[in-house]
$ cat upload.pdb   # PDB, C-alpha atoms
ATOM      1  CA  MET A   1    -178.511  90.709 -73.443
ATOM      2  CA  ASP A   2    -180.233  93.881 -74.667
ATOM      3  CA  LYS A   3    -179.446  97.142 -72.990
ATOM      4  CA  ILE A   4    -182.151  98.111 -70.530
ATOM      5  CA  GLU A   5    -183.715 101.512 -70.966
ATOM      6  CA  ASN A   6    -184.435 103.902 -68.126
ATOM      7  CA  PHE A   7    -187.965 103.714 -66.772
ATOM      8  CA  TYR A   8    -190.135 106.718 -66.041
ATOM      9  CA  ILE A   9    -193.731 107.346 -64.969
ATOM     10  CA  GLU A  10    -194.842 110.902 -64.476
ATOM     11  CA  GLY A  11    -196.519 111.373 -61.098
ATOM     12  CA  SER A  12    -200.020 112.766 -60.586
ATOM     13  CA  ASP A  13    -202.326 113.404 -57.629
ATOM     14  CA  TYR A  14    -202.680 109.694 -57.004
ATOM     15  CA  ILE A  15    -199.755 107.987 -58.664
ATOM     16  CA  PRO A  16    -196.138 108.443 -57.629
ATOM     17  CA  GLU A  17    -193.374 109.628 -59.875
ATOM     18  CA  VAL A  18    -191.281 106.597 -60.759
ATOM     19  CA  ASP A  19    -187.802 107.338 -62.020
ATOM     20  CA  PHE A  20    -185.529 104.334 -62.509
ATOM     21  CA  ASN A  21    -182.060 104.966 -63.853
ATOM     22  CA  ALA A  22    -180.656 101.860 -65.522
ATOM     23  CA  GLU A  23    -177.157 103.364 -65.797
ATOM     24  CA  ASN A  24    -176.417 104.112 -62.159
ATOM     25  CA  GLY A  25    -179.027 101.966 -60.385
ATOM     26  CA  ALA A  26    -180.822 104.859 -58.670
ATOM     27  CA  LEU A  27    -184.476 103.868 -58.419
ATOM     28  CA  ASN A  28    -186.661 106.709 -57.167
ATOM     29  CA  ILE A  29    -190.307 106.561 -56.140
ATOM     30  CA  SER A  30    -191.886 109.747 -54.828
ATOM     31  CA  GLY A  31    -195.150 111.560 -54.192
ATOM     32  CA  GLU A  32    -198.531 110.031 -53.439
ATOM     33  CA  SER A  33    -199.814 106.571 -54.289
ATOM     34  CA  TYR A  34    -203.450 105.538 -54.038
ATOM     35  CA  HIS A  35    -204.394 104.315 -57.494
ATOM     36  CA  GLU A  36    -207.619 102.311 -57.308
ATOM     37  CA  TYR A  37    -206.091  99.598 -59.494
ATOM     38  CA  THR A  38    -202.780  99.338 -57.706
ATOM     39  CA  LEU A  39    -201.895  95.927 -59.149
ATOM     40  CA  GLU A  40    -202.253  97.178 -62.693
ATOM     41  CA  PHE A  41    -200.341 100.342 -61.975
ATOM     42  CA  PHE A  42    -197.373  98.473 -60.503
ATOM     43  CA  GLU A  43    -197.250  95.740 -63.144
ATOM     44  CA  PRO A  44    -194.889  97.547 -65.574
ATOM     45  CA  ILE A  45    -192.738  98.544 -62.619
ATOM     46  CA  PHE A  46    -192.270  94.911 -61.610
ATOM     47  CA  ASP A  47    -191.681  93.908 -65.228
ATOM     48  CA  TRP A  48    -188.878  96.433 -65.508
ATOM     49  CA  LEU A  49    -187.351  95.443 -62.164
ATOM     50  CA  LYS A  50    -187.343  91.773 -63.133
ATOM     51  CA  ARG A  51    -185.532  92.537 -66.380
ATOM     52  CA  TYR A  52    -183.140  94.874 -64.614
ATOM     53  CA  THR A  53    -182.194  92.251 -62.056
ATOM     54  CA  THR A  54    -181.508  89.511 -64.605
ATOM     55  CA  ASP A  55    -177.785  90.322 -64.683
ATOM     56  CA  GLU A  56    -175.874  89.726 -61.485
ATOM     57  CA  GLY A  57    -173.851  92.091 -59.355
ATOM     58  CA  LYS A  58    -175.477  95.488 -59.825
ATOM     59  CA  LYS A  59    -175.385  98.267 -57.301
ATOM     60  CA  ILE A  60    -178.925  99.489 -56.635
ATOM     61  CA  GLU A  61    -180.140 102.335 -54.483
ATOM     62  CA  LEU A  62    -183.901 102.387 -53.942
ATOM     63  CA  ASN A  63    -185.178 105.780 -52.807
ATOM     64  CA  PHE A  64    -188.629 106.425 -51.428
ATOM     65  CA  ARG A  65    -189.824 109.956 -50.885
ATOM     66  CA  MET A  66    -193.528 109.546 -50.244
ATOM     67  CA  SER A  67    -196.032 111.932 -48.711
ATOM     68  CA  TYR A  68    -198.927 109.444 -48.685
ATOM     69  CA  PHE A  69    -199.674 105.903 -49.861
ATOM     70  CA  ASN A  70    -202.624 103.574 -49.320
ATOM     71  CA  THR A  71    -202.419 100.066 -47.870
ATOM     72  CA  SER A  72    -202.507  98.440 -51.267
ATOM     73  CA  SER A  73    -199.424 100.442 -52.336
ATOM     74  CA  SER A  74    -197.846  99.581 -49.004
ATOM     75  CA  ARG A  75    -197.911  95.926 -49.974
ATOM     76  CA  ARG A  76    -196.532  96.639 -53.453
ATOM     77  CA  PHE A  77    -193.622  98.570 -51.899
ATOM     78  CA  LEU A  78    -192.830  95.571 -49.732
ATOM     79  CA  GLU A  79    -192.892  93.340 -52.801
ATOM     80  CA  ILE A  80    -190.418  95.634 -54.552
ATOM     81  CA  MET A  81    -188.136  95.497 -51.514
ATOM     82  CA  ASN A  82    -188.444  91.708 -51.360
ATOM     83  CA  LEU A  83    -187.545  91.416 -55.023
ATOM     84  CA  LEU A  84    -184.404  93.483 -54.447
ATOM     85  CA  GLU A  85    -183.625  91.620 -51.258
ATOM     86  CA  ASP A  86    -183.640  88.422 -53.242
ATOM     87  CA  TYR A  87    -181.338  90.034 -55.806
ATOM     88  CA  HIS A  88    -178.959  91.215 -53.089
ATOM     89  CA  TYR A  89    -178.518  87.788 -51.521
ATOM     90  CA  ASN A  90    -178.862  85.463 -54.483
ATOM     91  CA  LYS A  91    -177.427  87.398 -57.393
ATOM     92  CA  LYS A  92    -174.505  89.213 -55.816
ATOM     93  CA  GLY A  93    -176.402  92.498 -55.798
ATOM     94  CA  ASP A  94    -175.462  95.470 -53.681
ATOM     95  CA  VAL A  95    -178.802  96.932 -52.654
ATOM     96  CA  SER A  96    -179.606  99.689 -50.189
ATOM     97  CA  ILE A  97    -182.828 101.518 -49.412
ATOM     98  CA  ASN A  98    -183.233 105.166 -48.464
ATOM     99  CA  TRP A  99    -186.516 106.136 -46.896
ATOM    100  CA  HIS A 100    -186.917 109.909 -47.079
ATOM    101  CA  TYR A 101    -189.600 111.422 -44.903
ATOM    102  CA  GLU A 102    -190.705 114.957 -44.117
ATOM    103  CA  LYS A 103    -189.237 115.581 -40.668
ATOM    104  CA  ASN A 104    -192.571 116.330 -38.956
ATOM    105  CA  ASP A 105    -194.344 113.396 -40.550
ATOM    106  CA  LEU A 106    -194.176 110.811 -37.780
ATOM    107  CA  ASP A 107    -196.501 108.388 -39.581
ATOM    108  CA  MET A 108    -194.146 108.327 -42.544
ATOM    109  CA  LEU A 109    -191.157 107.770 -40.265
ATOM    110  CA  GLU A 110    -193.022 104.906 -38.618
ATOM    111  CA  SER A 111    -193.827 103.379 -42.009
ATOM    112  CA  GLY A 112    -190.123 103.454 -42.812
ATOM    113  CA  GLU A 113    -189.233 101.830 -39.505
ATOM    114  CA  GLU A 114    -191.700  99.042 -40.197
ATOM    115  CA  TYR A 115    -190.166  98.297 -43.581
ATOM    116  CA  ALA A 116    -186.681  98.471 -42.074
ATOM    117  CA  GLU A 117    -187.747  95.818 -39.597
ATOM    118  CA  ASP A 118    -189.242  93.645 -42.305
ATOM    119  CA  VAL A 119    -186.461  93.716 -44.897
ATOM    120  CA  ARG A 120    -182.875  92.503 -44.512
ATOM    121  CA  LEU A 121    -181.125  95.237 -46.454
ATOM    122  CA  GLU A 122    -179.190  98.362 -45.583
ATOM    123  CA  PHE A 123    -182.045 100.705 -44.743
ATOM    124  CA  ASN A 124    -181.583 104.424 -44.065
ATOM    125  CA  LEU A 125    -184.267 106.660 -42.582
ATOM    126  CA  LEU A 126    -183.598 110.169 -43.804
ATOM    127  CA  PRO A 127    -185.559 113.242 -42.687
ATOM    128  CA  TYR A 128    -185.816 116.252 -44.992
TER     129      TYR A 128
ATOM    130  CA  MET B   1    -243.260 123.941 -52.960
ATOM    131  CA  SER B   2    -243.262 120.459 -54.359
ATOM    132  CA  GLU B   3    -243.019 117.380 -52.183
ATOM    133  CA  GLU B   4    -239.657 116.564 -53.687
ATOM    134  CA  LYS B   5    -238.042 119.910 -52.855
ATOM    135  CA  LEU B   6    -239.377 119.837 -49.341
ATOM    136  CA  THR B   7    -237.804 116.415 -48.818
ATOM    137  CA  LEU B   8    -234.488 117.618 -50.095
ATOM    138  CA  PHE B   9    -234.688 120.616 -47.774
ATOM    139  CA  ASN B  10    -235.280 118.293 -44.806
ATOM    140  CA  TYR B  11    -232.406 116.140 -45.915
ATOM    141  CA  PHE B  12    -230.171 119.198 -46.116
ATOM    142  CA  ASN B  13    -231.258 120.346 -42.650
ATOM    143  CA  ASP B  14    -230.669 116.911 -41.184
ATOM    144  CA  MET B  15    -227.178 116.929 -42.563
ATOM    145  CA  ASN B  16    -226.528 120.370 -41.122
ATOM    146  CA  ASN B  17    -227.837 119.346 -37.721
ATOM    147  CA  GLN B  18    -225.659 116.271 -37.688
ATOM    148  CA  GLU B  19    -222.595 118.292 -38.674
ATOM    149  CA  ILE B  20    -222.129 116.309 -41.849
ATOM    150  CA  ILE B  21    -219.419 118.031 -43.872
ATOM    151  CA  LEU B  22    -219.237 115.540 -46.665
ATOM    152  CA  THR B  23    -221.408 112.792 -48.061
ATOM    153  CA  PHE B  24    -221.169 110.683 -51.141
ATOM    154  CA  LYS B  25    -223.191 107.840 -52.612
ATOM    155  CA  GLY B  26    -222.227 105.889 -55.683
ATOM    156  CA  THR B  27    -218.921 104.759 -57.125
ATOM    157  CA  ILE B  28    -216.103 106.898 -55.841
ATOM    158  CA  SER B  29    -213.698 107.687 -58.624
ATOM    159  CA  GLN B  30    -210.058 108.541 -58.309
ATOM    160  CA  ASP B  31    -210.709 112.214 -59.052
ATOM    161  CA  ILE B  32    -213.340 112.443 -56.340
ATOM    162  CA  LEU B  33    -210.866 111.014 -53.827
ATOM    163  CA  THR B  34    -208.327 113.649 -54.760
ATOM    164  CA  ASP B  35    -210.922 116.417 -54.442
ATOM    165  CA  VAL B  36    -211.929 115.125 -51.006
ATOM    166  CA  GLY B  37    -208.303 115.310 -49.929
ATOM    167  CA  ILE B  38    -208.092 118.956 -50.994
ATOM    168  CA  SER B  39    -211.424 119.774 -49.378
ATOM    169  CA  LEU B  40    -210.395 118.163 -46.057
ATOM    170  CA  ARG B  41    -207.196 120.182 -45.959
ATOM    171  CA  SER B  42    -209.190 123.377 -46.312
ATOM    172  CA  LYS B  43    -211.802 122.393 -43.723
ATOM    173  CA  LEU B  44    -209.487 121.132 -40.981
ATOM    174  CA  ASP B  45    -206.886 123.282 -39.298
ATOM    175  CA  SER B  46    -204.498 120.522 -38.384
ATOM    176  CA  HIS B  47    -202.434 119.013 -41.165
ATOM    177  CA  THR B  48    -201.950 115.815 -39.148
ATOM    178  CA  VAL B  49    -205.683 115.378 -38.583
ATOM    179  CA  SER B  50    -206.571 116.042 -42.210
ATOM    180  CA  LYS B  51    -203.921 113.550 -43.378
ATOM    181  CA  LYS B  52    -205.243 110.888 -41.030
ATOM    182  CA  THR B  53    -208.817 111.564 -42.068
ATOM    183  CA  PHE B  54    -207.922 111.436 -45.732
ATOM    184  CA  ALA B  55    -206.037 108.149 -45.330
ATOM    185  CA  ILE B  56    -209.038 106.549 -43.634
ATOM    186  CA  PHE B  57    -211.364 107.985 -46.261
ATOM    187  CA  VAL B  58    -209.271 106.410 -49.031
ATOM    188  CA  GLU B  59    -209.345 102.982 -47.380
ATOM    189  CA  LEU B  60    -213.111 103.152 -46.837
ATOM    190  CA  ALA B  61    -213.736 104.322 -50.393
ATOM    191  CA  GLN B  62    -211.490 101.690 -51.943
ATOM    192  CA  ASN B  63    -213.051  98.966 -49.815
ATOM    193  CA  ILE B  64    -216.414  99.913 -51.274
ATOM    194  CA  TYR B  65    -214.962 100.227 -54.737
ATOM    195  CA  HIS B  66    -213.507  96.733 -54.727
ATOM    196  CA  HIS B  67    -215.702  94.790 -52.321
ATOM    197  CA  SER B  68    -219.255  96.145 -52.359
ATOM    198  CA  ALA B  69    -221.734  93.499 -53.471
ATOM    199  CA  GLN B  70    -223.563  96.165 -55.451
ATOM    200  CA  LYS B  71    -221.757  97.030 -58.680
ATOM    201  CA  GLU B  72    -222.277  99.715 -61.242
ATOM    202  CA  TYR B  73    -220.860  99.930 -64.746
ATOM    203  CA  SER B  74    -218.780 102.989 -65.465
ATOM    204  CA  ALA B  75    -218.712 103.962 -69.127
ATOM    205  CA  VAL B  76    -215.657 106.147 -68.546
ATOM    206  CA  LYS B  77    -213.594 103.301 -67.136
ATOM    207  CA  GLY B  78    -215.202 100.545 -69.158
ATOM    208  CA  ARG B  79    -215.580  98.347 -66.098
ATOM    209  CA  THR B  80    -217.718  97.903 -63.041
ATOM    210  CA  ALA B  81    -217.060  99.280 -59.611
ATOM    211  CA  GLY B  82    -218.665  98.892 -56.196
ATOM    212  CA  VAL B  83    -221.344 101.253 -54.939
ATOM    213  CA  GLY B  84    -221.737 102.483 -51.387
ATOM    214  CA  VAL B  85    -222.182 105.506 -49.192
ATOM    215  CA  ILE B  86    -219.619 107.495 -47.194
ATOM    216  CA  LEU B  87    -220.048 110.416 -44.883
ATOM    217  CA  ILE B  88    -217.923 112.529 -42.586
ATOM    218  CA  GLN B  89    -219.322 114.212 -39.495
ATOM    219  CA  ASN B  90    -217.412 117.043 -37.908
ATOM    220  CA  ASP B  91    -218.092 117.225 -34.166
ATOM    221  CA  THR B  92    -216.391 119.472 -31.643
ATOM    222  CA  ASP B  93    -213.767 116.978 -30.515
ATOM    223  CA  TYR B  94    -213.607 114.462 -33.309
ATOM    224  CA  LEU B  95    -214.488 113.565 -36.853
ATOM    225  CA  THR B  96    -216.498 110.465 -37.580
ATOM    226  CA  LEU B  97    -216.067 108.704 -40.898
ATOM    227  CA  SER B  98    -218.768 106.216 -41.816
ATOM    228  CA  SER B  99    -219.186 103.965 -44.793
ATOM    229  CA  GLY B 100    -221.896 101.536 -45.803
ATOM    230  CA  ASN B 101    -222.375  99.066 -48.590
ATOM    231  CA  LEU B 102    -224.038  95.826 -49.521
ATOM    232  CA  ILE B 103    -222.154  92.681 -48.691
ATOM    233  CA  GLU B 104    -222.777  88.994 -49.338
ATOM    234  CA  GLY B 105    -224.290  87.393 -46.239
ATOM    235  CA  TYR B 106    -221.655  84.668 -46.011
ATOM    236  CA  LYS B 107    -218.910  87.287 -45.582
ATOM    237  CA  ILE B 108    -220.479  88.903 -42.515
ATOM    238  CA  GLU B 109    -219.139  86.531 -39.908
ATOM    239  CA  GLY B 110    -215.519  86.721 -41.058
ATOM    240  CA  LEU B 111    -215.601  90.489 -41.382
ATOM    241  CA  SER B 112    -217.200  91.024 -37.968
ATOM    242  CA  GLU B 113    -214.632  88.718 -36.367
ATOM    243  CA  ARG B 114    -211.811  90.670 -38.000
ATOM    244  CA  CYS B 115    -213.172  93.942 -36.580
ATOM    245  CA  GLU B 116    -213.595  92.426 -33.124
ATOM    246  CA  TYR B 117    -210.092  91.000 -33.203
ATOM    247  CA  ILE B 118    -208.542  94.314 -34.275
ATOM    248  CA  ASN B 119    -210.458  96.162 -31.557
ATOM    249  CA  LYS B 120    -208.946  93.924 -28.886
ATOM    250  CA  LEU B 121    -205.350  94.654 -29.838
ATOM    251  CA  ALA B 122    -203.127  97.233 -28.155
ATOM    252  CA  PRO B 123    -201.222  99.661 -30.427
ATOM    253  CA  GLU B 124    -198.009  97.590 -30.392
ATOM    254  CA  GLU B 125    -199.940  94.418 -31.176
ATOM    255  CA  LEU B 126    -201.730  96.169 -34.027
ATOM    256  CA  ARG B 127    -198.384  97.200 -35.437
ATOM    257  CA  ASP B 128    -197.109  93.611 -35.384
ATOM    258  CA  TYR B 129    -200.365  92.308 -36.824
ATOM    259  CA  TYR B 130    -200.117  94.845 -39.659
ATOM    260  CA  ILE B 131    -196.564  93.810 -40.518
ATOM    261  CA  LYS B 132    -197.449  90.134 -40.339
ATOM    262  CA  GLN B 133    -200.550  90.464 -42.530
ATOM    263  CA  ARG B 134    -198.759  92.602 -45.093
ATOM    264  CA  ARG B 135    -196.282  89.787 -45.694
ATOM    265  CA  ARG B 136    -198.969  87.248 -46.459
ATOM    266  CA  PRO B 137    -199.768  86.748 -50.128
ATOM    267  CA  THR B 138    -203.406  87.611 -50.895
ATOM    268  CA  GLY B 139    -203.776  87.253 -54.636
ATOM    269  CA  GLY B 140    -206.527  89.849 -54.422
ATOM    270  CA  VAL B 141    -206.634  93.515 -55.319
ATOM    271  CA  GLY B 142    -206.344  94.815 -51.795
ATOM    272  CA  ALA B 143    -203.803  94.164 -49.141
ATOM    273  CA  ASN B 144    -206.138  92.885 -46.444
ATOM    274  CA  ILE B 145    -204.655  95.436 -44.124
ATOM    275  CA  GLY B 146    -207.043  98.324 -44.684
ATOM    276  CA  LEU B 147    -208.988  97.690 -41.490
ATOM    277  CA  ILE B 148    -205.815  97.431 -39.411
ATOM    278  CA  ASP B 149    -204.469 100.600 -40.975
ATOM    279  CA  MET B 150    -207.654 102.526 -40.200
ATOM    280  CA  ALA B 151    -207.699 101.325 -36.596
ATOM    281  CA  ARG B 152    -204.042 102.312 -36.169
ATOM    282  CA  ARG B 153    -204.458 105.763 -37.652
ATOM    283  CA  SER B 154    -207.583 106.572 -35.682
ATOM    284  CA  GLY B 155    -206.522 105.023 -32.368
ATOM    285  CA  ASN B 156    -210.197 104.213 -31.829
ATOM    286  CA  PRO B 157    -212.236 101.040 -32.255
ATOM    287  CA  LEU B 158    -213.866 100.040 -35.523
ATOM    288  CA  GLU B 159    -217.591 100.305 -34.902
ATOM    289  CA  TYR B 160    -219.711  98.230 -37.227
ATOM    290  CA  GLN B 161    -223.324  97.427 -37.754
ATOM    291  CA  VAL B 162    -224.990  94.771 -39.878
ATOM    292  CA  VAL B 163    -228.498  95.046 -41.253
ATOM    293  CA  LYS B 164    -229.764  91.887 -42.855
ATOM    294  CA  ILE B 165    -231.607  92.535 -46.104
ATOM    295  CA  ASP B 166    -232.411  89.016 -47.267
ATOM    296  CA  ASP B 167    -230.800  85.575 -47.302
ATOM    297  CA  GLU B 168    -228.220  86.667 -49.798
ATOM    298  CA  PHE B 169    -227.298  90.218 -48.833
ATOM    299  CA  SER B 170    -226.767  92.446 -45.822
ATOM    300  CA  PHE B 171    -225.830  96.083 -45.372
ATOM    301  CA  PHE B 172    -222.505  96.564 -43.616
ATOM    302  CA  ALA B 173    -221.832  99.912 -41.945
ATOM    303  CA  LEU B 174    -218.442 100.821 -40.533
ATOM    304  CA  SER B 175    -217.647 103.916 -38.524
ATOM    305  CA  ILE B 176    -214.370 105.309 -37.182
ATOM    306  CA  LYS B 177    -213.555 108.343 -35.090
ATOM    307  CA  VAL B 178    -210.555 110.618 -35.480
ATOM    308  CA  SER B 179    -209.711 112.878 -32.582
ATOM    309  CA  LYS B 180    -209.228 116.519 -33.525
ATOM    310  CA  THR B 181    -206.705 117.155 -30.784
ATOM    311  CA  GLU B 182    -203.231 116.116 -31.846
ATOM    312  CA  ASP B 183    -201.240 113.778 -29.680
TER     313      ASP B 183
END
$ encode --input "upload.pdb" --output "structure tokens"
Amino acid sequence: MDKIENFYIEGSDYIPEVDFNAENGALNISGESYHEYTLEFFEPIFDWLKRYTTDEGKKIELNFRMSYFNTSSSRRFLEIMNLLEDYHYNKKGDVSINWHYEKNDLDMLESGEEYAEDVRLEFNLLPY
Amino acid sequence: MSEEKLTLFNYFNDMNNQEIILTFKGTISQDILTDVGISLRSKLDSHTVSKKTFAIFVELAQNIYHHSAQKEYSAVKGRTAGVGVILIQNDTDYLTLSSGNLIEGYKIEGLSERCEYINKLAPEELRDYYIKQRRRPTGGVGANIGLIDMARRSGNPLEYQVVKIDDEFSFFALSIKVSKTED
């Protein structure tokens, strides 16, 4: 199977920075996310993740460090987590999620708690 | 002074009297949303309140963008987008965000029922409803959780109003208050 390249999207006011490292399995998503065409924006991200999770047994650490995201992005994030959850249980993956939130941002903490409740993976809530 | 200028002056005065700090009609582009976010931060003292207000503004704007029955072609984007109106009123104790757009008549009942249902739920129930709805596949552009999200962030009911235009279309207005005192 071909070697998978790293994946990078530069963030802007309304799209998050996406920095996926194929070598060490650190997948980072950070910033703000409220693109009006969320589905289209996330499509290449899902394409990459599907290719990356073709081979079994990888260690993956998914890091979120968001300051704001809209409801449409909220659903896409859940879909990413579900994809990795599936990988963890069905393809011998070792997946954990770190949810970084600004320590005074209670809404962001709550968002993390809601994902933690919804996804069966190691899930760490980390203030900064 | 021409009739036209006089009208605009009245319009401006009305907006001042009603404490309207922002109003927009048309298709709301991504860049406008970002500018609104910056403008809200400068106009509101509390970071928490401006974040809440911005989040609700985004959901309202994107609802219009994707679901308004009135569409406009954007040459820049090369595709059509929904048209509507949004305004923010800044009162002493709270901000009121209102949006309005055309909607197909057959959608009114479902949408009104959704608002009513959301308004009946306590905060914990809203949280569970949000999580449950987010899991459901939609196939659409949105997440179907915008209304729940707005109700949760504001902590106040979704107030809506329907004005029937003809057999095919109605005007749907939605308004939400955000308290300016932090919890």
$ atom_distance --input "upload.pdb" --atom1 "atom CA of B:Asp128" --atom2 "atom CA of A:Leu109"
16.1 Å
$ resolve_selection --input "upload.pdb" --expression "the PyMOL selection byres ((chain A) within 12 of (chain B))" --output "PyMOL selection string"
chain A and resi 12-15+32-42+67-79+81-82+104-108+110-119
$ residues_around --input "upload.pdb" --residues "A:Ala22" --least-positions-apart "4" --cutoff "12 Å" --atoms "all atoms listed in the file" --output "PyMOL selection string"
chain A and resi 3-8+26-28+48-49+51-53+55+58-61
$ closest_residue --input "upload.pdb" --among "B:Thr181, B:Ser46, B:Ser68, B:Thr23" --to "B:Ser98" --atoms "only C-alpha atoms"
B:Thr23
$ resolve_selection --input "upload.pdb" --expression "the PyMOL selection byres ((chain B and resi 89) around 12)" --output "JSON, numbers by chain"
{"B": [14, 15, 16, 17, 18, 19, 20, 21, 22, 23, 40, 43, 53, 86, 87, 88, 90, 91, 92, 93, 94, 95, 96, 97, 98, 99, 175, 176, 177, 178, 179, 180]}
$ write_last_selection --input "upload.pdb" --atoms "C-alpha atoms" --output "PDB file, in the frame of the given file"
ATOM      1  CA  ASP B  14    -230.669 116.911 -41.184  1.00  0.00           C
ATOM      2  CA  MET B  15    -227.178 116.929 -42.563  1.00  0.00           C
ATOM      3  CA  ASN B  16    -226.528 120.370 -41.122  1.00  0.00           C
ATOM      4  CA  ASN B  17    -227.837 119.346 -37.721  1.00  0.00           C
ATOM      5  CA  GLN B  18    -225.659 116.271 -37.688  1.00  0.00           C
ATOM      6  CA  GLU B  19    -222.595 118.292 -38.674  1.00  0.00           C
ATOM      7  CA  ILE B  20    -222.129 116.309 -41.849  1.00  0.00           C
ATOM      8  CA  ILE B  21    -219.419 118.031 -43.872  1.00  0.00           C
ATOM      9  CA  LEU B  22    -219.237 115.540 -46.665  1.00  0.00           C
ATOM     10  CA  THR B  23    -221.408 112.792 -48.061  1.00  0.00           C
ATOM     11  CA  LEU B  40    -210.395 118.163 -46.057  1.00  0.00           C
ATOM     12  CA  LYS B  43    -211.802 122.393 -43.723  1.00  0.00           C
ATOM     13  CA  THR B  53    -208.817 111.564 -42.068  1.00  0.00           C
ATOM     14  CA  ILE B  86    -219.619 107.495 -47.194  1.00  0.00           C
ATOM     15  CA  LEU B  87    -220.048 110.416 -44.883  1.00  0.00           C
ATOM     16  CA  ILE B  88    -217.923 112.529 -42.586  1.00  0.00           C
ATOM     17  CA  ASN B  90    -217.412 117.043 -37.908  1.00  0.00           C
ATOM     18  CA  ASP B  91    -218.092 117.225 -34.166  1.00  0.00           C
ATOM     19  CA  THR B  92    -216.391 119.472 -31.643  1.00  0.00           C
ATOM     20  CA  ASP B  93    -213.767 116.978 -30.515  1.00  0.00           C
ATOM     21  CA  TYR B  94    -213.607 114.462 -33.309  1.00  0.00           C
ATOM     22  CA  LEU B  95    -214.488 113.565 -36.853  1.00  0.00           C
ATOM     23  CA  THR B  96    -216.498 110.465 -37.580  1.00  0.00           C
ATOM     24  CA  LEU B  97    -216.067 108.704 -40.898  1.00  0.00           C
ATOM     25  CA  SER B  98    -218.768 106.216 -41.816  1.00  0.00           C
ATOM     26  CA  SER B  99    -219.186 103.965 -44.793  1.00  0.00           C
ATOM     27  CA  SER B 175    -217.647 103.916 -38.524  1.00  0.00           C
ATOM     28  CA  ILE B 176    -214.370 105.309 -37.182  1.00  0.00           C
ATOM     29  CA  LYS B 177    -213.555 108.343 -35.090  1.00  0.00           C
ATOM     30  CA  VAL B 178    -210.555 110.618 -35.480  1.00  0.00           C
ATOM     31  CA  SER B 179    -209.711 112.878 -32.582  1.00  0.00           C
ATOM     32  CA  LYS B 180    -209.228 116.519 -33.525  1.00  0.00           C
TER      33      LYS B 180
END
$ atom_distance --input "upload.pdb" --atom1 "atom CA of B:Ile165" --atom2 "atom CA of B:Arg114"
21.5 Å
$ atom_distance --input "upload.pdb" --atom1 "atom CA of A:Asn98" --atom2 "atom CA of A:Glu10"
20.6 Å
$ closest_residue --input "upload.pdb" --among "B:Lys5, B:Glu168, B:Tyr11, B:Val85" --to "B:Asn101" --atoms "all atoms listed in the file"
B:Val85
$ residues_around --input "upload.pdb" --residues "B:Gly84" --least-positions-apart "6" --cutoff "7 Å" --atoms "all atoms listed in the file" --output "list in words"
Lys25, Gly26, Thr27, Ile64, Ser68, Gly100 and Asn101 of chain B
